[in-house]
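Everything below belongs to run12.pdb, which stores PDB, C-alpha atoms.
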```pdb
ATOM      1  CA  MET A   1      -3.719  14.904 -40.614  1.00  0.00           C
ATOM      2  CA  LYS A   2      -0.127  13.725 -40.940  1.00  0.00           C
ATOM      3  CA  ARG A   3       1.030  16.195 -38.287  1.00  0.00           C
ATOM      4  CA  ALA A   4      -1.681  15.019 -35.873  1.00  0.00           C
ATOM      5  CA  LEU A   5      -0.716  11.377 -36.402  1.00  0.00           C
ATOM      6  CA  ASN A   6       2.915  12.215 -35.750  1.00  0.00           C
ATOM      7  CA  MET A   7       1.981  13.951 -32.500  1.00  0.00           C
ATOM      8  CA  ILE A   8      -0.143  10.998 -31.300  1.00  0.00           C
ATOM      9  CA  PHE A   9       2.663   8.607 -32.176  1.00  0.00           C
ATOM     10  CA  VAL A  10       5.227  10.639 -30.220  1.00  0.00           C
ATOM     11  CA  LEU A  11       2.957  10.902 -27.165  1.00  0.00           C
ATOM     12  CA  ALA A  12       2.295   7.161 -27.218  1.00  0.00           C
ATOM     13  CA  ILE A  13       6.015   6.370 -27.374  1.00  0.00           C
ATOM     14  CA  VAL A  14       6.785   8.812 -24.548  1.00  0.00           C
ATOM     15  CA  SER A  15       4.072   7.275 -22.367  1.00  0.00           C
ATOM     16  CA  MET A  16       5.673   3.855 -22.736  1.00  0.00           C
ATOM     17  CA  PHE A  17       9.039   5.147 -21.534  1.00  0.00           C
ATOM     18  CA  MET A  18       7.409   6.941 -18.594  1.00  0.00           C
ATOM     19  CA  VAL A  19       6.235   3.599 -17.238  1.00  0.00           C
ATOM     20  CA  SER A  20       8.933   1.744 -15.357  1.00  0.00           C
ATOM     21  CA  PRO A  21       9.112  -2.002 -15.973  1.00  0.00           C
ATOM     22  CA  VAL A  22       7.403  -4.141 -13.322  1.00  0.00           C
ATOM     23  CA  ALA A  23       7.577  -7.795 -12.445  1.00  0.00           C
ATOM     24  CA  ALA A  24       4.933  -9.981 -13.984  1.00  0.00           C
ATOM     25  CA  ALA A  25       1.812 -10.355 -11.875  1.00  0.00           C
ATOM     26  CA  THR A  26       0.593 -13.737 -10.686  1.00  0.00           C
ATOM     27  CA  SER A  27      -2.362 -15.453 -12.337  1.00  0.00           C
ATOM     28  CA  GLN A  28      -4.518 -13.717  -9.687  1.00  0.00           C
ATOM     29  CA  GLY A  29      -3.136 -10.291 -10.577  1.00  0.00           C
ATOM     30  CA  LEU A  30      -0.882  -9.921  -7.532  1.00  0.00           C
ATOM     31  CA  GLU A  31       2.496  -8.183  -7.645  1.00  0.00           C
ATOM     32  CA  TRP A  32       4.750  -6.170  -5.353  1.00  0.00           C
ATOM     33  CA  GLY A  33       4.335  -2.408  -5.377  1.00  0.00           C
ATOM     34  CA  VAL A  34       7.480  -1.852  -3.287  1.00  0.00           C
ATOM     35  CA  GLN A  35      11.130  -2.671  -3.829  1.00  0.00           C
ATOM     36  CA  PHE A  36      14.435  -2.972  -2.017  1.00  0.00           C
ATOM     37  CA  GLY A  37      15.644   0.381  -0.670  1.00  0.00           C
ATOM     38  CA  ASP A  38      12.231   2.047  -0.457  1.00  0.00           C
ATOM     39  CA  ARG A  39      11.828   4.468   2.446  1.00  0.00           C
ATOM     40  CA  PHE A  40       8.512   5.466   3.994  1.00  0.00           C
ATOM     41  CA  ASP A  41       8.284   8.519   6.261  1.00  0.00           C
ATOM     42  CA  PHE A  42       5.678   8.662   9.015  1.00  0.00           C
ATOM     43  CA  THR A  43       4.467  11.068  11.660  1.00  0.00           C
ATOM     44  CA  MET A  44       3.521   9.590  15.025  1.00  0.00           C
ATOM     45  CA  THR A  45       1.101  11.387  17.315  1.00  0.00           C
ATOM     46  CA  SER A  46      -0.170  10.232  20.677  1.00  0.00           C
ATOM     47  CA  THR A  47      -2.365  11.271  23.569  1.00  0.00           C
ATOM     48  CA  ASP A  48      -0.170   9.141  25.848  1.00  0.00           C
ATOM     49  CA  GLU A  49       2.501  11.211  27.620  1.00  0.00           C
ATOM     50  CA  ASP A  50       4.844   8.195  27.692  1.00  0.00           C
ATOM     51  CA  VAL A  51       4.825   7.885  23.895  1.00  0.00           C
ATOM     52  CA  PRO A  52       6.709  10.630  22.009  1.00  0.00           C
ATOM     53  CA  SER A  53       4.998  12.432  19.139  1.00  0.00           C
ATOM     54  CA  GLU A  54       7.592  12.743  16.375  1.00  0.00           C
ATOM     55  CA  GLY A  55       8.698  11.592  12.947  1.00  0.00           C
ATOM     56  CA  LEU A  56       9.973   8.151  12.034  1.00  0.00           C
ATOM     57  CA  TYR A  57      10.733   6.194   8.899  1.00  0.00           C
ATOM     58  CA  VAL A  58      10.776   2.597   7.727  1.00  0.00           C
ATOM     59  CA  ASN A  59      13.288   1.142   5.262  1.00  0.00           C
ATOM     60  CA  ILE A  60      12.897  -1.996   3.169  1.00  0.00           C
ATOM     61  CA  THR A  61      16.249  -3.722   3.661  1.00  0.00           C
ATOM     62  CA  ASP A  62      15.489  -6.885   1.690  1.00  0.00           C
ATOM     63  CA  MET A  63      12.668  -8.208  -0.450  1.00  0.00           C
ATOM     64  CA  PRO A  64      11.198 -11.653   0.283  1.00  0.00           C
ATOM     65  CA  ALA A  65      13.283 -14.571  -0.932  1.00  0.00           C
ATOM     66  CA  LEU A  66      10.076 -16.447  -1.727  1.00  0.00           C
ATOM     67  CA  ALA A  67       7.817 -15.387  -4.576  1.00  0.00           C
ATOM     68  CA  ILE A  68       4.154 -14.597  -4.018  1.00  0.00           C
ATOM     69  CA  PRO A  69       2.441 -18.022  -4.099  1.00  0.00           C
ATOM     70  CA  ASP A  70       0.541 -18.620  -7.320  1.00  0.00           C
ATOM     71  CA  PRO A  71      -2.229 -19.225  -6.663  1.00  0.00           C
ATOM     72  CA  LEU A  72      -2.395 -17.556  -3.256  1.00  0.00           C
ATOM     73  CA  THR A  73      -4.883 -19.431  -1.073  1.00  0.00           C
ATOM     74  CA  ASP A  74      -3.672 -18.624   2.450  1.00  0.00           C
ATOM     75  CA  TRP A  75      -3.294 -15.151   3.984  1.00  0.00           C
ATOM     76  CA  ASN A  76      -0.416 -16.367   6.145  1.00  0.00           C
ATOM     77  CA  ALA A  77       1.504 -17.466   3.042  1.00  0.00           C
ATOM     78  CA  ILE A  78       2.041 -13.861   1.907  1.00  0.00           C
ATOM     79  CA  PRO A  79       5.808 -13.304   2.275  1.00  0.00           C
ATOM     80  CA  GLN A  80       7.112 -10.138   3.922  1.00  0.00           C
ATOM     81  CA  PRO A  81      10.180  -8.000   3.192  1.00  0.00           C
ATOM     82  CA  ASP A  82      12.743  -7.229   5.890  1.00  0.00           C
ATOM     83  CA  ILE A  83      12.257  -3.747   7.337  1.00  0.00           C
ATOM     84  CA  ASP A  84      14.022  -1.448   9.808  1.00  0.00           C
ATOM     85  CA  PHE A  85      12.454   1.229  12.015  1.00  0.00           C
ATOM     86  CA  TRP A  86      14.182   4.567  12.627  1.00  0.00           C
ATOM     87  CA  TRP A  87      13.408   7.853  14.320  1.00  0.00           C
ATOM     88  CA  GLN A  88      13.585  10.872  12.027  1.00  0.00           C
ATOM     89  CA  ASN A  89      17.004  11.824  13.465  1.00  0.00           C
ATOM     90  CA  GLY A  90      18.490   8.505  12.311  1.00  0.00           C
ATOM     91  CA  THR A  91      18.360   6.723  15.678  1.00  0.00           C
ATOM     92  CA  SER A  92      17.054   3.162  15.686  1.00  0.00           C
ATOM     93  CA  MET A  93      13.631   2.863  17.295  1.00  0.00           C
ATOM     94  CA  GLY A  94      14.797  -0.236  19.123  1.00  0.00           C
ATOM     95  CA  ILE A  95      12.250  -1.627  21.558  1.00  0.00           C
ATOM     96  CA  THR A  96       9.989   1.370  20.903  1.00  0.00           C
ATOM     97  CA  ALA A  97       9.046  -0.281  17.602  1.00  0.00           C
ATOM     98  CA  LEU A  98       6.820  -2.527  19.724  1.00  0.00           C
ATOM     99  CA  ILE A  99       4.143   0.143  19.315  1.00  0.00           C
ATOM    100  CA  PHE A 100       3.473  -1.659  16.021  1.00  0.00           C
ATOM    101  CA  ILE A 101       2.611  -4.909  17.795  1.00  0.00           C
ATOM    102  CA  GLY A 102      -1.059  -4.147  17.148  1.00  0.00           C
ATOM    103  CA  ILE A 103      -0.435  -4.966  13.474  1.00  0.00           C
ATOM    104  CA  PHE A 104      -0.666  -8.639  14.418  1.00  0.00           C
ATOM    105  CA  PHE A 105      -4.304  -8.175  15.453  1.00  0.00           C
ATOM    106  CA  VAL A 106      -5.221  -6.972  11.948  1.00  0.00           C
ATOM    107  CA  GLY A 107      -3.365  -9.505   9.833  1.00  0.00           C
ATOM    108  CA  GLY A 108       0.284  -9.028  10.795  1.00  0.00           C
ATOM    109  CA  LYS A 109       1.497  -7.487   7.509  1.00  0.00           C
ATOM    110  CA  PHE A 110       3.435  -4.282   6.906  1.00  0.00           C
ATOM    111  CA  THR A 111       3.151  -4.539   3.147  1.00  0.00           C
ATOM    112  CA  LEU A 112       0.773  -6.340   0.812  1.00  0.00           C
ATOM    113  CA  PRO A 113       0.938  -7.298  -2.845  1.00  0.00           C
ATOM    114  CA  ILE A 114      -1.214  -5.043  -4.982  1.00  0.00           C
ATOM    115  CA  GLY A 115      -3.550  -5.821  -7.856  1.00  0.00           C
ATOM    116  CA  ASN A 116      -6.305  -7.865  -6.197  1.00  0.00           C
ATOM    117  CA  PHE A 117      -7.474  -6.529  -2.853  1.00  0.00           C
ATOM    118  CA  THR A 118     -10.760  -8.393  -3.202  1.00  0.00           C
ATOM    119  CA  LEU A 119      -8.808 -11.641  -3.002  1.00  0.00           C
ATOM    120  CA  LEU A 120      -6.843 -10.353   0.004  1.00  0.00           C
ATOM    121  CA  GLU A 121     -10.072  -9.455   1.794  1.00  0.00           C
ATOM    122  CA  ASN A 122     -11.470 -12.930   1.177  1.00  0.00           C
ATOM    123  CA  LEU A 123      -8.295 -14.492   2.571  1.00  0.00           C
ATOM    124  CA  LEU A 124      -8.033 -12.255   5.649  1.00  0.00           C
ATOM    125  CA  ALA A 125     -11.669 -12.246   6.789  1.00  0.00           C
ATOM    126  CA  PRO A 126     -11.655 -15.888   8.037  1.00  0.00           C
ATOM    127  CA  GLU A 127      -8.498 -15.148  10.068  1.00  0.00           C
ATOM    128  CA  LEU A 128     -10.105 -12.412  12.186  1.00  0.00           C
ATOM    129  CA  THR A 129     -13.128 -11.965  14.418  1.00  0.00           C
ATOM    130  CA  GLY A 130     -14.760  -8.581  14.864  1.00  0.00           C
ATOM    131  CA  GLU A 131     -13.024  -7.042  11.865  1.00  0.00           C
ATOM    132  CA  ASP A 132     -14.212  -4.472   9.334  1.00  0.00           C
ATOM    133  CA  ILE A 133     -12.499  -4.328   5.928  1.00  0.00           C
ATOM    134  CA  ASN A 134     -13.130  -1.597   3.375  1.00  0.00           C
ATOM    135  CA  THR A 135     -11.542   0.209   0.438  1.00  0.00           C
ATOM    136  CA  ALA A 136     -11.873   3.969  -0.009  1.00  0.00           C
ATOM    137  CA  GLY A 137      -9.740   6.930  -1.011  1.00  0.00           C
ATOM    138  CA  GLY A 138      -6.861   4.812  -2.268  1.00  0.00           C
ATOM    139  CA  LEU A 139      -6.610   2.917   1.029  1.00  0.00           C
ATOM    140  CA  TRP A 140      -7.423  -0.683   1.930  1.00  0.00           C
ATOM    141  CA  THR A 141      -8.331  -0.571   5.612  1.00  0.00           C
ATOM    142  CA  VAL A 142      -8.657  -3.282   8.244  1.00  0.00           C
ATOM    143  CA  GLU A 143     -10.201  -2.407  11.616  1.00  0.00           C
ATOM    144  CA  TRP A 144     -10.438  -4.778  14.564  1.00  0.00           C
ATOM    145  CA  SER A 145     -12.081  -4.101  17.907  1.00  0.00           C
ATOM    146  CA  MET A 146     -12.855  -5.814  21.188  1.00  0.00           C
ATOM    147  CA  ASP A 147     -14.300  -4.877  24.569  1.00  0.00           C
ATOM    148  CA  THR A 148     -11.549  -4.522  27.164  1.00  0.00           C
ATOM    149  CA  THR A 149     -13.806  -3.597  30.086  1.00  0.00           C
ATOM    150  CA  ALA A 150     -17.513  -3.159  30.647  1.00  0.00           C
ATOM    151  CA  THR A 151     -17.215   0.461  29.507  1.00  0.00           C
ATOM    152  CA  GLU A 152     -14.201   0.549  27.171  1.00  0.00           C
ATOM    153  CA  GLU A 153     -13.347  -0.789  23.737  1.00  0.00           C
ATOM    154  CA  ALA A 154      -9.967  -1.174  22.029  1.00  0.00           C
ATOM    155  CA  LYS A 155      -9.702  -0.499  18.291  1.00  0.00           C
ATOM    156  CA  ILE A 156      -6.740  -1.245  16.051  1.00  0.00           C
ATOM    157  CA  THR A 157      -6.676   0.021  12.478  1.00  0.00           C
ATOM    158  CA  ALA A 158      -4.206  -0.631   9.670  1.00  0.00           C
ATOM    159  CA  ALA A 159      -4.659   1.041   6.291  1.00  0.00           C
ATOM    160  CA  TYR A 160      -2.569   0.169   3.239  1.00  0.00           C
ATOM    161  CA  SER A 161      -1.996   2.192   0.084  1.00  0.00           C
ATOM    162  CA  THR A 162      -3.651   0.475  -2.870  1.00  0.00           C
ATOM    163  CA  SER A 163      -0.924   1.990  -5.082  1.00  0.00           C
ATOM    164  CA  ASP A 164       2.121   0.395  -3.431  1.00  0.00           C
ATOM    165  CA  GLY A 165       0.637  -1.920  -0.776  1.00  0.00           C
ATOM    166  CA  PHE A 166       2.682  -0.503   2.112  1.00  0.00           C
ATOM    167  CA  LEU A 167       1.231   0.519   5.458  1.00  0.00           C
ATOM    168  CA  ALA A 168      -0.161   4.058   5.240  1.00  0.00           C
ATOM    169  CA  ASP A 169      -1.961   4.554   8.549  1.00  0.00           C
ATOM    170  CA  TYR A 170      -1.852   2.683  11.853  1.00  0.00           C
ATOM    171  CA  ARG A 171      -3.920   3.444  14.929  1.00  0.00           C
ATOM    172  CA  ILE A 172      -4.382   2.015  18.412  1.00  0.00           C
ATOM    173  CA  GLU A 173      -7.339   3.595  20.180  1.00  0.00           C
ATOM    174  CA  THR A 174      -9.326   3.225  23.376  1.00  0.00           C
ATOM    175  CA  TRP A 175     -12.961   4.295  23.206  1.00  0.00           C
ATOM    176  CA  SER A 176     -15.626   4.724  25.844  1.00  0.00           C
ATOM    177  CA  THR A 177     -18.618   2.553  25.007  1.00  0.00           C
ATOM    178  CA  LEU A 178     -20.809   4.692  27.262  1.00  0.00           C
ATOM    179  CA  ASN A 179     -20.714   7.812  25.101  1.00  0.00           C
ATOM    180  CA  ASP A 180     -18.586   6.799  22.082  1.00  0.00           C
ATOM    181  CA  THR A 181     -15.714   9.066  23.169  1.00  0.00           C
ATOM    182  CA  LEU A 182     -12.054   8.594  22.233  1.00  0.00           C
ATOM    183  CA  LEU A 183     -10.095   8.212  25.471  1.00  0.00           C
ATOM    184  CA  GLU A 184      -6.544   7.744  24.176  1.00  0.00           C
ATOM    185  CA  SER A 185      -4.761   6.931  20.945  1.00  0.00           C
ATOM    186  CA  ILE A 186      -1.491   6.372  19.134  1.00  0.00           C
ATOM    187  CA  GLU A 187      -1.508   7.082  15.393  1.00  0.00           C
ATOM    188  CA  VAL A 188       1.269   6.618  12.841  1.00  0.00           C
ATOM    189  CA  THR A 189       0.526   8.177   9.450  1.00  0.00           C
ATOM    190  CA  ARG A 190       2.566   8.220   6.258  1.00  0.00           C
ATOM    191  CA  GLU A 191       3.569  11.705   5.191  1.00  0.00           C
ATOM    192  CA  THR A 192       3.104  11.013   1.481  1.00  0.00           C
ATOM    193  CA  ILE A 193       0.649   8.482   0.113  1.00  0.00           C
ATOM    194  CA  PRO A 194       0.802   7.851  -3.656  1.00  0.00           C
ATOM    195  CA  GLY A 195      -2.321   8.250  -5.723  1.00  0.00           C
ATOM    196  CA  GLY A 196      -4.175  10.874  -7.691  1.00  0.00           C
ATOM    197  CA  GLY A 197      -3.186  12.867 -10.751  1.00  0.00           C
ATOM    198  CA  LEU A 198      -0.072  11.681 -12.558  1.00  0.00           C
ATOM    199  CA  ASP A 199       0.412   8.748 -10.147  1.00  0.00           C
ATOM    200  CA  ASP A 200      -2.960   7.304 -11.131  1.00  0.00           C
ATOM    201  CA  ILE A 201      -2.211   7.768 -14.829  1.00  0.00           C
ATOM    202  CA  LEU A 202       1.160   6.027 -14.556  1.00  0.00           C
ATOM    203  CA  GLN A 203      -0.359   3.211 -12.503  1.00  0.00           C
ATOM    204  CA  LEU A 204      -3.032   2.763 -15.174  1.00  0.00           C
ATOM    205  CA  LEU A 205      -0.355   2.578 -17.862  1.00  0.00           C
ATOM    206  CA  GLU A 206       1.652   0.056 -15.826  1.00  0.00           C
ATOM    207  CA  ASP A 207      -1.401  -2.132 -15.351  1.00  0.00           C
ATOM    208  CA  ASN A 208      -2.202  -1.986 -19.075  1.00  0.00           C
ATOM    209  CA  ILE A 209       1.246  -1.839 -20.670  1.00  0.00           C
ATOM    210  CA  LEU A 210       0.341  -4.597 -23.144  1.00  0.00           C
ATOM    211  CA  TYR A 211      -2.628  -2.598 -24.410  1.00  0.00           C
ATOM    212  CA  VAL A 212      -0.477   0.531 -24.639  1.00  0.00           C
ATOM    213  CA  GLY A 213       1.960  -1.398 -26.824  1.00  0.00           C
ATOM    214  CA  ILE A 214      -0.855  -2.686 -29.035  1.00  0.00           C
ATOM    215  CA  GLY A 215      -2.214   0.844 -29.301  1.00  0.00           C
ATOM    216  CA  VAL A 216       1.162   2.209 -30.391  1.00  0.00           C
ATOM    217  CA  ALA A 217       1.466  -0.522 -33.021  1.00  0.00           C
ATOM    218  CA  ALA A 218      -2.024   0.255 -34.310  1.00  0.00           C
ATOM    219  CA  ILE A 219      -1.201   3.965 -34.571  1.00  0.00           C
ATOM    220  CA  VAL A 220       1.971   3.200 -36.513  1.00  0.00           C
ATOM    221  CA  ILE A 221       0.093   0.950 -38.947  1.00  0.00           C
ATOM    222  CA  ILE A 222      -2.674   3.525 -39.470  1.00  0.00           C
ATOM    223  CA  GLY A 223      -0.082   6.235 -40.007  1.00  0.00           C
ATOM    224  CA  LEU A 224       1.763   4.168 -42.600  1.00  0.00           C
ATOM    225  CA  VAL A 225      -1.459   3.388 -44.458  1.00  0.00           C
ATOM    226  CA  VAL A 226      -2.524   7.038 -44.526  1.00  0.00           C
ATOM    227  CA  CYS A 227       0.895   8.224 -45.675  1.00  0.00           C
ATOM    228  CA  LYS A 228       1.039   5.541 -48.379  1.00  0.00           C
ATOM    229  CA  ARG A 229      -2.356   6.573 -49.769  1.00  0.00           C
ATOM    230  CA  LYS A 230      -1.138  10.144 -50.034  1.00  0.00           C
TER
END
```
Could you rewrite the structure in this file as structure tokens?
Amino acid sequence: MKRALNMIFVLAIVSMFMVSPVAAATSQGLEWGVQFGDRFDFTMTSTDEDVPSEGLYVNITDMPALAIPDPLTDWNAIPQPDIDFWWQNGTSMGITALIFIGIFFVGGKFTLPIGNFTLLENLLAPELTGEDINTAGGLWTVEWSMDTTATEEAKITAAYSTSDGFLADYRIETWSTLNDTLLESIEVTRETIPGGGLDDILQLLEDNILYVGIGVAAIVIIGLVVCKRK
């Protein structure tokens, strides 16, 4: 019994050190899942011959000077970090970064605070018309569409990782409304999206660090009582 208690105690202590400290969340549960210096690698593919299909990456060069408003009541009040766009070979994307202009049709954010995507959905929905917002597979996705001609429809999609809040998938598509056929597209997809396995366990520990601490304290007390009785 004593050996088992010792093992549980050690595992509990180790789990606390595995969890990196995070900034306190707002009263609505919002906090940043990214930090200064983070790099996100993407692969861009396109059916348009004028748009190259290759790798690119985005760097966070500065976090917002303003804190997340508490409470947050306006989608447009969500501050944004400064970011740079680069091709995989280290060349600045320059004016080519305008391929991301479609982001402004689905909320205009490259990163979102994590912890309360239900609140974010409620704040974004009134800002858009013709949008579809859903959460699945570790992604929070916003899709917006509009008819561009009598036979064609434009769709813009932005999906964000629910683990870190940063853009994970971005698509601009043209569809035929006659036969629901994809005519052309540009898609930018993150190469690695956090979530699953150990990432989910660590995220759970981060979100419940107070309870982990209480649990460790309880184990210590129980262990002391048991040892004292022996």
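With only C-alpha atoms as the atoms that count, the residue of A:Trp175, A:Phe166, A:Trp32, A:Phe85 with the shortest distance to A:Pro113 is A:Trp32.
Remark: for A:Val106, the closest of the candidate residues A:Ile156, A:Thr73, A:Ile78, A:Ile83 is A:Ile156 (distances computed over all atoms listed in the file).
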**Request:** Enumerate, as a list in words, the residues matched when the PyMOL selection byres ((chain A and resi 50-56) around 9) is run on the file above.
**Result:**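 Selected by the PyMOL selection byres ((chain A and resi 50-56) around 9) here: Phe40, Asp41, Phe42, Thr43, Met44, Thr45, Ser46, Thr47, Asp48, Glu49, Tyr57, Val58, Phe85, Trp86, Trp87, Gln88, Asn89, Gly90, Met93, Thr96, Ile186 and Val188 of chain A.
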Tell me, counting all atoms listed in the file, for each residue of stretch 52-119 of chain A within 12 Å of stretch 135-138 of chain A, which pair of atoms is nearest and how far apart they are in Å to one decimal, in rows ordered by chain and increasing number, as JSON lines.
```
{"residue": "A:Ile114", "atom": "CA", "partner": "A:Gly138", "partner_atom": "CA", "distance": 11.7}
{"residue": "A:Asn116", "atom": "CA", "partner": "A:Thr135", "partner_atom": "CA", "distance": 11.7}
{"residue": "A:Phe117", "atom": "CA", "partner": "A:Thr135", "partner_atom": "CA", "distance": 8.5}
{"residue": "A:Thr118", "atom": "CA", "partner": "A:Thr135", "partner_atom": "CA", "distance": 9.4}
```
**Prompt:** What lies within 12 Å of stretch 107-109 of chain A using all atoms listed in the file, ignoring chain neighbours under 4 positions off, as number ranges by chain?
**Reply:** A: 74-83, 100-103, 113, 120-121, 123-129, 131-133, 141-144, 156-160, 165-168, 170
**Prompt:** What is the distance between atom CA of A:Thr162 and atom CA of A:Trp140, in Å to one decimal?
**Reply:**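 Going from atom CA of A:Thr162 over to atom CA of A:Trp140, I get 6.2 Å.
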**Request:** Can you turn the PyMOL selection byres ((chain A and resi 182) around 12) into a concrete residue list for this file, as a list in words?
**Result:**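 On this input, the PyMOL selection byres ((chain A and resi 182) around 12) captures Thr47, Glu152, Glu153, Ala154, Lys155, Ile172, Glu173, Thr174, Trp175, Ser176, Thr177, Leu178, Asn179, Asp180, Thr181, Leu183, Glu184, Ser185 and Ile186 of chain A.
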**Prompt:** What does the distance between atom CA of A:Ser92 and atom CA of A:Thr61 come to in Å, to one decimal place?
**Reply:** 13.9 Å
